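Content type mmCIF, C-alpha atoms and all ligand atoms, from the file my_file-v4.cif:
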data_structure
loop_
_atom_site.label_atom_id
_atom_site.label_comp_id
_atom_site.auth_asym_id
_atom_site.auth_seq_id
_atom_site.Cartn_x
_atom_site.Cartn_y
_atom_site.Cartn_z
CA MET V 1 -21.84 13.60 -6.97
CA LYS V 2 -19.70 12.50 -9.87
CA TYR V 3 -16.05 13.36 -10.32
CA TYR V 4 -14.52 14.27 -13.68
CA SER V 5 -10.94 14.04 -14.86
CA THR V 6 -9.09 17.32 -15.48
CA ASN V 7 -7.94 15.71 -18.76
CA ASN V 8 -11.45 14.85 -19.93
CA PRO V 9 -14.71 16.38 -18.62
CA TYR V 10 -16.67 13.40 -20.02
CA HIS V 11 -14.76 10.80 -18.01
CA LEU V 12 -16.86 10.50 -14.85
CA ALA V 13 -16.26 8.41 -11.73
CA SER V 14 -18.19 7.76 -8.54
CA LEU V 15 -16.75 8.93 -5.21
CA SER V 16 -15.64 5.39 -4.42
CA GLU V 17 -13.88 4.95 -7.78
CA ALA V 18 -12.20 8.35 -7.54
CA VAL V 19 -10.90 7.72 -4.02
CA ILE V 20 -9.76 4.14 -4.56
CA LYS V 21 -8.17 4.85 -7.95
CA GLY V 22 -6.53 8.10 -6.83
CA LEU V 23 -5.58 9.24 -10.33
CA ALA V 24 -7.95 9.02 -13.33
CA PRO V 25 -6.95 6.40 -15.94
CA ASP V 26 -5.98 9.24 -18.33
CA ASN V 27 -3.66 10.59 -15.58
CA GLY V 28 -5.98 13.55 -14.93
CA LEU V 29 -6.92 14.66 -11.43
CA TYR V 30 -10.44 14.08 -10.17
CA MET V 31 -12.61 17.16 -9.55
CA PRO V 32 -16.18 17.44 -8.25
CA GLN V 33 -18.58 17.89 -11.17
CA GLN V 34 -20.51 20.64 -9.41
CA ILE V 35 -19.15 22.87 -6.69
CA PRO V 36 -21.95 23.47 -4.20
CA ILE V 37 -22.46 27.07 -3.05
CA LEU V 38 -23.22 27.52 0.64
CA PRO V 39 -25.97 29.99 1.60
CA LYS V 40 -24.66 33.36 2.80
CA GLU V 41 -26.71 32.99 6.02
CA LEU V 42 -24.75 29.83 6.86
CA ILE V 43 -21.38 31.53 6.31
CA ASP V 44 -22.56 34.48 8.43
CA LYS V 45 -23.41 32.05 11.24
CA MET V 46 -20.00 30.33 11.27
CA PRO V 47 -18.42 32.62 13.91
CA GLU V 48 -20.80 31.03 16.44
CA MET V 49 -20.21 27.47 15.23
CA THR V 50 -17.45 25.08 16.34
CA PHE V 51 -14.82 23.80 13.89
CA ARG V 52 -16.64 20.45 13.73
CA GLU V 53 -20.06 22.05 13.20
CA ILE V 54 -18.59 23.99 10.28
CA GLY V 55 -17.09 20.71 9.06
CA TYR V 56 -20.46 18.88 9.06
CA GLU V 57 -21.99 21.60 6.87
CA VAL V 58 -19.12 21.91 4.39
CA ILE V 59 -18.50 18.17 4.01
CA GLY V 60 -22.26 17.60 3.95
CA ALA V 61 -22.62 20.00 1.02
CA LEU V 62 -19.97 18.10 -0.93
CA PHE V 63 -20.73 14.48 0.00
CA ALA V 64 -24.38 14.25 1.06
CA GLU V 65 -25.34 12.25 -2.05
CA ASP V 66 -22.73 9.58 -1.37
CA LEU V 67 -22.51 9.33 2.41
CA SER V 68 -25.01 9.15 5.25
CA LYS V 69 -25.28 11.88 7.90
CA GLN V 70 -23.71 9.49 10.38
CA GLN V 71 -20.76 8.78 8.07
CA ILE V 72 -20.20 12.51 7.52
CA LYS V 73 -20.19 13.07 11.24
CA GLU V 74 -17.69 10.25 11.81
CA LEU V 75 -15.44 11.55 9.05
CA VAL V 76 -15.41 15.10 10.34
CA ASP V 77 -14.96 14.07 13.98
CA HIS V 78 -12.02 11.84 13.07
CA THR V 79 -10.40 14.56 10.92
CA LEU V 80 -10.94 17.52 13.22
CA SER V 81 -9.66 15.91 16.39
CA PHE V 82 -7.28 18.83 17.04
CA ASP V 83 -7.60 22.59 16.76
CA ALA V 84 -6.26 25.06 14.18
CA PRO V 85 -5.79 28.22 16.23
CA LEU V 86 -5.52 31.64 14.61
CA ILE V 87 -2.71 33.57 16.33
CA GLN V 88 -2.18 37.29 15.88
CA VAL V 89 1.47 38.02 15.02
CA GLU V 90 1.26 41.70 14.04
CA GLU V 91 -1.49 44.22 13.45
CA ASP V 92 -3.82 42.68 10.83
CA VAL V 93 -1.49 39.67 10.38
CA PHE V 94 -2.52 36.23 11.64
CA SER V 95 -0.87 32.82 11.64
CA LEU V 96 -3.24 29.91 11.04
CA GLU V 97 -1.48 27.11 12.92
CA LEU V 98 -2.15 23.86 11.11
CA PHE V 99 0.45 21.80 13.00
CA HIS V 100 -1.45 20.62 16.07
CA GLY V 101 -2.14 17.14 14.68
CA PRO V 102 -0.28 13.88 15.39
CA THR V 103 2.63 14.49 13.00
CA LEU V 104 2.77 18.27 13.46
CA ALA V 105 2.12 19.25 9.86
CA PHE V 106 -1.01 20.30 7.96
CA LYS V 107 -0.94 17.04 5.98
CA ASP V 108 -2.56 15.40 9.02
CA PHE V 109 -5.92 16.91 8.00
CA GLY V 110 -5.92 15.34 4.54
CA ALA V 111 -4.39 12.06 5.70
CA ARG V 112 -6.93 11.54 8.49
CA PHE V 113 -9.88 12.28 6.25
CA CYS V 114 -8.53 10.09 3.45
CA SER V 115 -7.91 7.12 5.75
CA LYS V 116 -11.35 7.25 7.32
CA LEU V 117 -13.13 7.65 3.99
CA MET V 118 -11.18 4.78 2.44
CA SER V 119 -12.08 2.51 5.34
CA MET V 120 -15.78 3.36 4.85
CA LEU V 121 -15.61 2.68 1.13
CA VAL V 122 -13.81 -0.67 1.49
CA LYS V 123 -16.19 -1.92 4.15
CA GLU V 124 -18.70 -2.26 1.34
CA LYS V 125 -16.14 -4.29 -0.63
CA SER V 126 -15.26 -6.50 2.38
CA ARG V 127 -11.62 -6.79 1.26
CA THR V 128 -8.46 -5.43 2.82
CA LEU V 129 -7.24 -2.31 1.08
CA ARG V 130 -3.47 -1.98 0.82
CA VAL V 131 -2.15 1.55 0.62
CA LEU V 132 1.34 1.79 -0.88
CA VAL V 133 3.28 4.96 -0.13
CA ALA V 134 6.75 5.94 -1.25
CA THR V 135 8.08 8.71 0.96
CA SER V 136 11.05 10.97 1.31
CA GLY V 137 9.88 11.87 4.83
CA ASP V 138 6.78 13.91 5.62
CA THR V 139 4.13 12.11 3.60
CA GLY V 140 4.99 8.75 5.19
CA SER V 141 4.45 10.05 8.70
CA ALA V 142 1.17 11.84 7.95
CA VAL V 143 -0.27 8.88 6.04
CA ALA V 144 0.92 6.28 8.58
CA ASN V 145 -0.46 8.18 11.55
CA GLY V 146 -3.69 8.96 9.69
CA PHE V 147 -4.29 5.27 8.92
CA LEU V 148 -3.05 3.88 12.26
CA GLY V 149 -5.63 1.47 13.63
CA VAL V 150 -8.09 2.08 10.76
CA GLU V 151 -10.01 -1.14 10.08
CA GLY V 152 -9.83 -2.80 6.69
CA VAL V 153 -6.75 -0.87 5.57
CA GLU V 154 -3.07 -1.80 5.69
CA VAL V 155 -0.35 0.71 4.91
CA ILE V 156 2.98 -0.24 3.38
CA ILE V 157 5.55 2.52 3.44
CA LEU V 158 8.68 2.41 1.30
CA PHE V 159 11.48 4.74 2.30
CA PRO V 160 15.10 5.06 1.17
CA LYS V 161 17.62 3.67 3.65
CA GLY V 162 19.68 6.40 5.32
CA LYS V 163 17.99 9.22 3.35
CA VAL V 164 15.25 10.20 5.79
CA SER V 165 15.89 12.19 8.98
CA LYS V 166 15.84 10.16 12.23
CA LEU V 167 12.88 12.06 13.55
CA GLN V 168 10.86 11.59 10.37
CA GLU V 169 11.76 7.89 10.25
CA LYS V 170 10.66 7.34 13.83
CA GLN V 171 7.27 8.85 13.04
CA PHE V 172 6.32 5.88 10.88
CA THR V 173 8.66 2.98 11.71
CA THR V 174 7.68 2.76 15.38
CA LEU V 175 3.91 2.50 15.02
CA GLY V 176 3.27 -1.21 14.36
CA GLN V 177 -0.39 -2.33 14.08
CA ASN V 178 -1.54 -1.94 10.45
CA ILE V 179 1.57 0.00 9.38
CA THR V 180 4.54 -1.82 7.80
CA SER V 181 7.73 0.01 6.83
CA LEU V 182 10.08 -1.25 4.15
CA GLU V 183 13.61 0.14 4.26
CA VAL V 184 14.68 0.13 0.64
CA ASP V 185 18.31 -0.12 -0.31
CA GLY V 186 18.16 2.77 -2.78
CA VAL V 187 17.00 6.37 -3.17
CA PHE V 188 13.51 7.90 -3.11
CA ASP V 189 13.04 7.41 -6.85
CA ASP V 190 13.64 3.65 -6.42
CA CYS V 191 10.83 3.54 -3.84
CA GLN V 192 8.56 5.46 -6.18
CA THR V 193 9.40 3.10 -9.05
CA LEU V 194 8.60 0.00 -6.97
CA VAL V 195 5.20 1.45 -6.09
CA LYS V 196 4.42 2.29 -9.72
CA GLN V 197 5.49 -1.19 -10.84
CA ALA V 198 3.15 -2.72 -8.27
CA PHE V 199 0.20 -0.63 -9.51
CA SER V 200 0.81 -1.66 -13.10
CA ASP V 201 1.29 -5.38 -12.38
CA GLN V 202 -1.98 -6.99 -13.46
CA LYS V 203 -1.54 -10.27 -11.68
CA LEU V 204 -0.80 -8.58 -8.39
CA ASN V 205 -3.86 -6.36 -8.76
CA GLN V 206 -6.12 -9.35 -9.29
CA HIS V 207 -5.15 -10.67 -5.87
CA LEU V 208 -4.76 -7.48 -3.90
CA LEU V 209 -6.74 -4.26 -3.67
CA LEU V 210 -3.96 -1.69 -4.00
CA THR V 211 -4.24 2.08 -3.78
CA SER V 212 -2.22 5.19 -3.12
CA ALA V 213 -2.75 8.00 -0.63
CA ASN V 214 -0.58 10.64 -2.19
CA SER V 215 -1.65 14.26 -2.32
CA ILE V 216 -3.45 14.15 -5.64
CA ASN V 217 -6.12 11.86 -4.15
CA ILE V 218 -9.38 13.81 -3.94
CA ALA V 219 -9.90 12.49 -0.40
CA ARG V 220 -6.68 14.15 0.73
CA TRP V 221 -7.35 17.34 -1.18
CA VAL V 222 -10.96 18.31 -0.38
CA PRO V 223 -10.90 18.31 3.46
CA GLN V 224 -8.19 20.99 3.41
CA CYS V 225 -10.89 23.54 2.54
CA LEU V 226 -12.30 23.15 6.07
CA TYR V 227 -9.72 25.26 7.87
CA TYR V 228 -10.23 28.16 5.48
CA PHE V 229 -13.89 28.33 6.52
CA TYR V 230 -12.96 28.05 10.17
CA ALA V 231 -10.17 30.65 10.06
CA TYR V 232 -12.30 33.09 8.08
CA SER V 233 -15.02 32.83 10.70
CA ARG V 234 -12.54 33.72 13.46
CA ILE V 235 -10.89 36.79 11.89
CA PRO V 236 -11.83 40.14 13.46
CA LYS V 237 -12.49 41.58 9.99
CA GLY V 238 -14.19 44.89 10.54
CA SER V 239 -14.61 46.37 7.08
CA LYS V 240 -11.33 45.02 5.70
CA LYS V 241 -10.99 42.56 2.84
CA VAL V 242 -9.35 39.21 3.55
CA VAL V 243 -6.27 37.68 1.93
CA PHE V 244 -4.82 34.20 2.63
CA SER V 245 -1.15 33.45 1.92
CA VAL V 246 -0.31 29.79 1.32
CA PRO V 247 3.26 28.43 1.35
CA SER V 248 3.10 26.05 -1.58
CA GLY V 249 4.81 23.09 -3.25
CA ASN V 250 2.33 20.84 -5.04
CA PHE V 251 -0.42 23.46 -4.62
CA GLY V 252 -3.04 21.19 -3.07
CA ASN V 253 -3.38 23.43 -0.05
CA LEU V 254 -3.84 26.61 -2.08
CA GLY V 255 -6.28 24.80 -4.40
CA ALA V 256 -8.39 23.82 -1.39
CA GLY V 257 -8.55 27.50 -0.37
CA ILE V 258 -9.78 28.40 -3.83
CA LEU V 259 -12.34 25.59 -3.55
CA ALA V 260 -13.61 27.22 -0.32
CA SER V 261 -13.94 30.56 -2.12
CA ARG V 262 -15.81 28.88 -4.99
CA MET V 263 -18.19 27.49 -2.36
CA GLY V 264 -19.03 31.05 -1.37
CA LEU V 265 -16.44 31.97 1.26
CA PRO V 266 -15.66 35.67 0.59
CA ILE V 267 -11.86 35.48 0.51
CA ASP V 268 -10.86 38.40 -1.68
CA HIS V 269 -7.35 37.34 -2.73
CA PHE V 270 -4.83 34.52 -2.37
CA VAL V 271 -1.05 34.66 -2.26
CA ALA V 272 0.88 31.73 -3.77
CA ALA V 273 4.15 31.88 -1.80
CA THR V 274 7.05 29.62 -2.78
CA ASN V 275 10.77 29.16 -2.28
CA VAL V 276 12.97 29.43 -5.39
CA ASN V 277 10.97 26.62 -6.99
CA LYS V 278 8.93 29.38 -8.60
CA VAL V 279 7.10 27.79 -11.52
CA VAL V 280 3.71 29.08 -10.34
CA PRO V 281 4.77 32.64 -9.33
CA ASN V 282 6.35 32.88 -12.79
CA TYR V 283 3.10 31.76 -14.40
CA LEU V 284 1.13 34.28 -12.34
CA GLN V 285 3.48 37.03 -13.55
CA GLY V 286 2.38 36.24 -17.10
CA LEU V 287 4.87 33.59 -18.24
CA PRO V 288 3.68 30.25 -19.65
CA PHE V 289 3.54 27.33 -17.17
CA HIS V 290 6.82 25.54 -17.49
CA ALA V 291 7.91 22.66 -15.20
CA GLN V 292 11.51 22.76 -13.92
CA PRO V 293 13.80 20.33 -12.10
CA SER V 294 13.38 20.92 -8.36
CA ILE V 295 15.97 22.86 -6.36
CA ALA V 296 16.83 21.94 -2.74
CA THR V 297 15.97 24.63 -0.15
CA VAL V 298 15.50 25.03 3.62
CA SER V 299 11.72 24.72 3.13
CA ASN V 300 12.21 21.28 1.62
CA SER V 301 8.58 20.12 1.71
CA MET V 302 7.99 22.71 -1.02
CA ASP V 303 10.87 21.71 -3.29
CA VAL V 304 8.64 20.90 -6.23
CA GLY V 305 9.45 21.78 -9.83
CA ASN V 306 6.33 20.31 -11.40
CA PRO V 307 3.40 21.02 -9.06
CA SER V 308 0.96 18.12 -9.32
CA ASN V 309 -2.18 20.06 -8.40
CA PHE V 310 -1.73 22.82 -11.00
CA PRO V 311 -4.49 21.35 -13.26
CA ARG V 312 -6.87 21.66 -10.30
CA LEU V 313 -6.13 25.38 -9.98
CA GLN V 314 -6.83 25.85 -13.69
CA ALA V 315 -10.05 23.86 -13.40
CA LEU V 316 -11.21 26.00 -10.46
CA TYR V 317 -10.84 29.11 -12.62
CA GLU V 318 -12.48 27.29 -15.53
CA LYS V 319 -9.33 27.81 -17.57
CA ASN V 320 -9.85 31.61 -17.32
CA GLU V 321 -6.19 32.68 -17.00
CA GLU V 322 -7.01 36.33 -16.57
CA GLN V 323 -9.22 35.70 -13.55
CA PHE V 324 -6.68 33.23 -12.11
CA ARG V 325 -3.88 35.82 -12.35
CA GLU V 326 -6.11 38.56 -10.95
CA LYS V 327 -7.19 36.61 -7.83
CA VAL V 328 -3.92 34.83 -7.01
CA LYS V 329 -0.67 36.77 -6.61
CA GLY V 330 2.64 34.91 -6.67
CA TYR V 331 5.80 35.69 -4.71
CA TYR V 332 8.96 33.63 -4.14
CA TYR V 333 11.84 33.84 -1.67
CA SER V 334 15.44 32.71 -1.25
CA ASP V 335 16.71 30.68 1.72
CA ARG V 336 18.39 33.79 3.03
CA GLN V 337 15.13 35.76 3.04
CA THR V 338 13.42 32.80 4.73
CA ILE V 339 16.02 32.65 7.53
CA GLU V 340 15.87 36.43 8.00
CA ALA V 341 12.09 36.25 8.37
CA ILE V 342 12.43 33.54 11.06
CA GLN V 343 14.88 35.81 12.91
CA ALA V 344 12.79 38.97 12.55
CA ILE V 345 9.55 37.36 13.75
CA GLN V 346 11.28 35.77 16.73
CA LEU V 347 11.79 39.34 17.97
CA LYS V 348 7.99 39.55 18.11
CA SER V 349 7.99 36.38 20.23
CA TYR V 350 6.68 34.11 17.49
CA THR V 351 8.60 31.16 16.06
CA LEU V 352 8.08 30.42 12.37
CA ASP V 353 9.09 27.24 10.60
CA PRO V 354 10.77 27.72 7.19
CA HIS V 355 7.51 27.02 5.28
CA GLY V 356 5.40 29.38 7.36
CA ALA V 357 8.18 31.98 6.96
CA VAL V 358 7.69 31.86 3.17
CA GLY V 359 3.93 32.31 3.67
CA TYR V 360 4.53 35.23 6.01
CA LEU V 361 6.85 36.96 3.53
CA GLY V 362 4.33 36.59 0.71
CA LEU V 363 1.57 38.02 2.88
CA LYS V 364 3.66 41.03 3.91
CA ASP V 365 4.61 41.85 0.33
CA PHE V 366 0.99 41.65 -0.76
CA MET V 367 -0.18 43.82 2.15
CA ASP V 368 2.50 46.43 1.47
CA GLU V 369 1.01 46.85 -1.99
CA HIS V 370 -2.61 46.55 -0.77
CA PRO V 371 -3.00 48.26 2.62
CA ASP V 372 -6.76 47.77 2.99
CA TYR V 373 -6.49 44.04 3.79
CA ILE V 374 -6.39 41.82 6.84
CA GLY V 375 -4.23 38.78 6.20
CA VAL V 376 -3.73 35.18 7.28
CA PHE V 377 -0.68 33.06 6.45
CA LEU V 378 -0.82 29.29 6.84
CA GLU V 379 1.77 27.92 9.28
CA THR V 380 2.02 24.41 7.81
CA ALA V 381 4.47 22.72 10.18
CA HIS V 382 5.69 22.99 13.76
CA PRO V 383 9.13 24.67 13.85
CA GLY V 384 10.44 21.65 15.80
CA LYS V 385 9.95 19.49 12.69
CA PHE V 386 12.64 21.54 10.98
CA ARG V 387 14.67 22.11 14.10
CA ASP V 388 18.11 22.13 12.41
CA VAL V 389 17.21 25.12 10.23
CA VAL V 390 15.28 26.96 12.93
CA GLU V 391 17.84 26.38 15.72
CA ASP V 392 20.57 27.53 13.37
CA ALA V 393 18.65 30.68 12.47
CA LEU V 394 17.86 31.53 16.09
CA GLY V 395 21.11 30.37 17.69
CA LYS V 396 19.21 28.51 20.40
CA LYS V 397 17.64 25.14 21.12
CA LEU V 398 13.93 24.59 20.57
CA VAL V 399 11.78 22.74 23.04
CA LEU V 400 10.20 19.85 21.16
CA PRO V 401 6.50 19.24 21.81
CA GLU V 402 5.92 16.12 23.85
CA ARG V 403 4.27 14.13 21.08
CA LEU V 404 7.20 14.77 18.76
CA ALA V 405 9.72 13.81 21.43
CA ALA V 406 7.62 10.69 22.26
CA PHE V 407 8.25 9.26 18.79
CA LEU V 408 11.99 9.27 19.54
CA ASP V 409 11.46 6.72 22.34
CA GLY V 410 9.68 4.20 20.10
CA GLU V 411 11.42 1.15 18.71
CA LYS V 412 12.13 1.17 14.98
CA LYS V 413 10.72 -1.87 13.17
CA VAL V 414 11.40 -2.31 9.46
CA ILE V 415 11.69 -4.97 6.79
CA GLN V 416 14.79 -4.67 4.61
CA MET V 417 14.07 -4.60 0.89
CA GLY V 418 16.25 -4.52 -2.22
CA LYS V 419 15.30 -2.22 -5.04
CA ASN V 420 14.43 -4.93 -7.58
CA PHE V 421 10.73 -5.46 -8.21
CA ALA V 422 10.83 -9.26 -7.91
CA GLU V 423 11.65 -9.04 -4.20
CA PHE V 424 8.95 -6.47 -3.51
CA LYS V 425 6.41 -8.46 -5.53
CA GLY V 426 7.30 -11.57 -3.55
CA PHE V 427 6.64 -9.66 -0.34
CA LEU V 428 3.24 -8.44 -1.58
CA GLU V 429 2.24 -11.91 -2.79
CA GLY V 430 2.99 -13.22 0.68
CA LEU V 431 0.22 -11.03 2.13
CA ASP V 432 -3.11 -12.84 2.33
C1 LIG F 501 3.54 19.48 1.90
C2 LIG F 501 3.93 20.75 2.58
C3 LIG F 501 3.74 22.02 1.99
C4 LIG F 501 3.24 22.19 0.58
O1 LIG F 501 1.87 21.94 0.46
P1 LIG F 501 1.22 21.73 -0.98
O2 LIG F 501 -0.21 21.42 -0.72
O3 LIG F 501 1.98 20.61 -1.63
O4 LIG F 501 1.41 23.01 -1.74
C5 LIG F 501 4.03 23.15 2.74
N1 LIG F 501 4.53 23.06 3.99
C6 LIG F 501 4.73 21.86 4.59
C7 LIG F 501 5.29 21.83 5.96
C8 LIG F 501 4.44 20.67 3.92
O5 LIG F 501 4.66 19.48 4.52
#

Re-express the file's structure as structure tokens.
Ligand SMILES: *Cc1c(COP(=O)(O)O)cnc(C)c1O
Amino acid sequence: MKYYSTNNPYHLASLSEAVIKGLAPDNGLYMPQQIPILPKELIDKMPEMTFREIGYEVIGALFAEDLSKQQIKELVDHTLSFDAPLIQVEEDVFSLELFHGPTLAFKDFGARFCSKLMSMLVKEKSRTLRVLVATSGDTGSAVANGFLGVEGVEVIILFPKGKVSKLQEKQFTTLGQNITSLEVDGVFDDCQTLVKQAFSDQKLNQHLLLTSANSINIARWVPQCLYYFYAYSRIPKGSKKVVFSVPSGNFGNLGAGILASRMGLPIDHFVAATNVNKVVPNYLQGLPFHAQPSIATVSNSMDVGNPSNFPRLQALYEKNEEQFREKVKGYYYSDRQTIEAIQAIQLKSYTLDPHGAVGYLGLKDFMDEHPDYIGVFLETAHPGKFRDVVEDALGKKLVLPERLAAFLDGEKKVIQMGKNFAEFKGFLEGLD
């Protein structure tokens, strides 16, 4: 399979180039040149298959030309090492819990797949791959934990000193092994700038194999389609049509759902649910796409004013705006509505995190207008990850899951770094 750039359908890359480069040289996003369609008989059989068995088929359809059966099995087994249970919250309303991985957020799926695939691709190159990540919190922990102990790959995380929550910080600074954390005396944008400078420094790139594992990488994006297949197979559908509501920021997660539907999964509609960063809901209402500065909210992992995966959504609908707006409905919510949803659902004995709450609200509004549907919202993080907001909303303490609490006991290990490039470059040059 070849991958094309969303900026130029004639620019083609191999899987290995697309994954190791991350972004196409023309700054487009890589997309598979053909989207394989799974046979209906296979989709009909999925209710009797395990999550991993579904994974072998779906990943096999996408990557069989580039990877061996054994490699596909290893990739899927590594990625799907935890479950994604579908929990009924109300009549015809289900929560797809994507937070049972090591860092308690859905990004674990993409990060685990990406790390494993990168390690397979660099084995052939017999050089150490260095993954540079600038983080304001969540991405660092998912990427670090996804790459922990993966052979042939070293991860260097840059985070702004004093700007990341203690819990988030502990999730990547305590790991050791092939994970190094640099505490940068600056803000997130300084970290981002250092990473970009390193990628564009020719001399450095002659010596080191550098890459990025941010969410536009095809290897982080594609595997997210797996849990749509799995959830769909577990819904007690009867004769109802199915809608998925996706709390969104950069729109990788929603795009992966649309990819699953393009592969033949009969999802009838999608809901793009956001906080007040509502560039995409506005577009879906008929306005032109117009990036905005981001606004801080209680669902802060979705505070995105210029969603990076938007070109992928357009590509999936082959630039057919009418079809895009017909199949995907957009809704957005204030912090107050988000908090009220957390409170209301607690009365039904279910605890939402602020991101899942936005997904839930979008689903309910869609279902009010379309009563003949059964709906799933994606619960993208464990409520304990956003405990300040959730404890405040509920007026009580949450019990943290053991693996989240366990991070708090680890010892923080960091290297202090100024925000000037010379110092960072010196550090990178010191790596052999
Ligand atoms: C990253 C993130 C999102 C947004 O996902 P996108 O794929 O960027 O739309 C939603 N919820 C949580 C908890 C996240 O960490």

Quick one: 6 Å padding each side, axis-aligned, all listed atoms of segment 38-56 of chain V - centre and edge lengths in Å to one decimal, as JSON?
{"center_x": -20.8, "center_y": 26.7, "center_z": 8.5, "size_x": 23.9, "size_y": 27.6, "size_z": 27.8}

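One distance worth recording is that between atom CA of Arg262 of chain V and atom CA of Gln323 of chain V, which is 12.8 Å.
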
For this session: Could you give me, as a ChimeraX atom specification, the residues within 9 Å of segment 96-108 of chain V, counting all atoms listed in the file and dropping anything in the same chain fewer than 3 positions from it?
Result: /V:79-88,111-113,138-139,141-143,145-146,171,215,220,224,227,231,253,376-382,384-385,403-404

Once you have the residues from the selection above, write them out as a PDB file, in the frame of the given file, restricted to C-alpha atoms.
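Saved the output as part-v2.pdb:
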ATOM      1  CA  THR V  79     -10.400  14.560  10.920  1.00  0.00           C
ATOM      2  CA  LEU V  80     -10.940  17.520  13.220  1.00  0.00           C
ATOM      3  CA  SER V  81      -9.660  15.910  16.390  1.00  0.00           C
ATOM      4  CA  PHE V  82      -7.280  18.830  17.040  1.00  0.00           C
ATOM      5  CA  ASP V  83      -7.600  22.590  16.760  1.00  0.00           C
ATOM      6  CA  ALA V  84      -6.260  25.060  14.180  1.00  0.00           C
ATOM      7  CA  PRO V  85      -5.790  28.220  16.230  1.00  0.00           C
ATOM      8  CA  LEU V  86      -5.520  31.640  14.610  1.00  0.00           C
ATOM      9  CA  ILE V  87      -2.710  33.570  16.330  1.00  0.00           C
ATOM     10  CA  GLN V  88      -2.180  37.290  15.880  1.00  0.00           C
ATOM     11  CA  ALA V 111      -4.390  12.060   5.700  1.00  0.00           C
ATOM     12  CA  ARG V 112      -6.930  11.540   8.490  1.00  0.00           C
ATOM     13  CA  PHE V 113      -9.880  12.280   6.250  1.00  0.00           C
ATOM     14  CA  ASP V 138       6.780  13.910   5.620  1.00  0.00           C
ATOM     15  CA  THR V 139       4.130  12.110   3.600  1.00  0.00           C
ATOM     16  CA  SER V 141       4.450  10.050   8.700  1.00  0.00           C
ATOM     17  CA  ALA V 142       1.170  11.840   7.950  1.00  0.00           C
ATOM     18  CA  VAL V 143      -0.270   8.880   6.040  1.00  0.00           C
ATOM     19  CA  ASN V 145      -0.460   8.180  11.550  1.00  0.00           C
ATOM     20  CA  GLY V 146      -3.690   8.960   9.690  1.00  0.00           C
ATOM     21  CA  GLN V 171       7.270   8.850  13.040  1.00  0.00           C
ATOM     22  CA  SER V 215      -1.650  14.260  -2.320  1.00  0.00           C
ATOM     23  CA  ARG V 220      -6.680  14.150   0.730  1.00  0.00           C
ATOM     24  CA  GLN V 224      -8.190  20.990   3.410  1.00  0.00           C
ATOM     25  CA  TYR V 227      -9.720  25.260   7.870  1.00  0.00           C
ATOM     26  CA  ALA V 231     -10.170  30.650  10.060  1.00  0.00           C
ATOM     27  CA  ASN V 253      -3.380  23.430  -0.050  1.00  0.00           C
ATOM     28  CA  VAL V 376      -3.730  35.180   7.280  1.00  0.00           C
ATOM     29  CA  PHE V 377      -0.680  33.060   6.450  1.00  0.00           C
ATOM     30  CA  LEU V 378      -0.820  29.290   6.840  1.00  0.00           C
ATOM     31  CA  GLU V 379       1.770  27.920   9.280  1.00  0.00           C
ATOM     32  CA  THR V 380       2.020  24.410   7.810  1.00  0.00           C
ATOM     33  CA  ALA V 381       4.470  22.720  10.180  1.00  0.00           C
ATOM     34  CA  HIS V 382       5.690  22.990  13.760  1.00  0.00           C
ATOM     35  CA  GLY V 384      10.440  21.650  15.800  1.00  0.00           C
ATOM     36  CA  LYS V 385       9.950  19.490  12.690  1.00  0.00           C
ATOM     37  CA  ARG V 403       4.270  14.130  21.080  1.00  0.00           C
ATOM     38  CA  LEU V 404       7.200  14.770  18.760  1.00  0.00           C
TER      39      LEU V 404
END

Problem set entry | Between atom CA of Tyr333 of chain V and atom CA of Ala260 of chain V, distance in Å (one decimal) | 26.3 Å

For this session: Excluding segment 421-426 of chain V and residues on its chain fewer than 2 positions from it, collect all residues at most 8 Å away from it, counting all atoms listed in the file, and give them as a ChimeraX atom specification.
Result: /V:194,197-198,204,417-419,428-430

For this session: Identify which of the residues V:Glu318, V:Glu41, V:Asp201, V:Asp353 lies closest to ligand LIG 501 (chain F), counting all atoms listed in the file when measuring atom-to-atom distances.
Result: V:Asp353

Exercise. Between atom CA of Asp185 of chain V and atom CA of Gln292 of chain V, what is the distance, to one decimal in Å?
Worked result: 27.5 Å

For this session: Take the point (12.2, 34.9, -5.6) in the file's coordinates, draw a sphere of radius 10 Å around it, and report as number ranges by chain every protein, DNA or RNA residue with an atom inside or on it, counting all atoms listed in the file.
Result: V: 273-278, 281-282, 330-335, 337

Please, could you write that set of residues out with C-alpha atoms as a PDB file, in the frame of the given file?
ATOM      1  CA  ALA V 273       4.150  31.880  -1.800  1.00  0.00           C
ATOM      2  CA  THR V 274       7.050  29.620  -2.780  1.00  0.00           C
ATOM      3  CA  ASN V 275      10.770  29.160  -2.280  1.00  0.00           C
ATOM      4  CA  VAL V 276      12.970  29.430  -5.390  1.00  0.00           C
ATOM      5  CA  ASN V 277      10.970  26.620  -6.990  1.00  0.00           C
ATOM      6  CA  LYS V 278       8.930  29.380  -8.600  1.00  0.00           C
ATOM      7  CA  PRO V 281       4.770  32.640  -9.330  1.00  0.00           C
ATOM      8  CA  ASN V 282       6.350  32.880 -12.790  1.00  0.00           C
ATOM      9  CA  GLY V 330       2.640  34.910  -6.670  1.00  0.00           C
ATOM     10  CA  TYR V 331       5.800  35.690  -4.710  1.00  0.00           C
ATOM     11  CA  TYR V 332       8.960  33.630  -4.140  1.00  0.00           C
ATOM     12  CA  TYR V 333      11.840  33.840  -1.670  1.00  0.00           C
ATOM     13  CA  SER V 334      15.440  32.710  -1.250  1.00  0.00           C
ATOM     14  CA  ASP V 335      16.710  30.680   1.720  1.00  0.00           C
ATOM     15  CA  GLN V 337      15.130  35.760   3.040  1.00  0.00           C
TER      16      GLN V 337
END
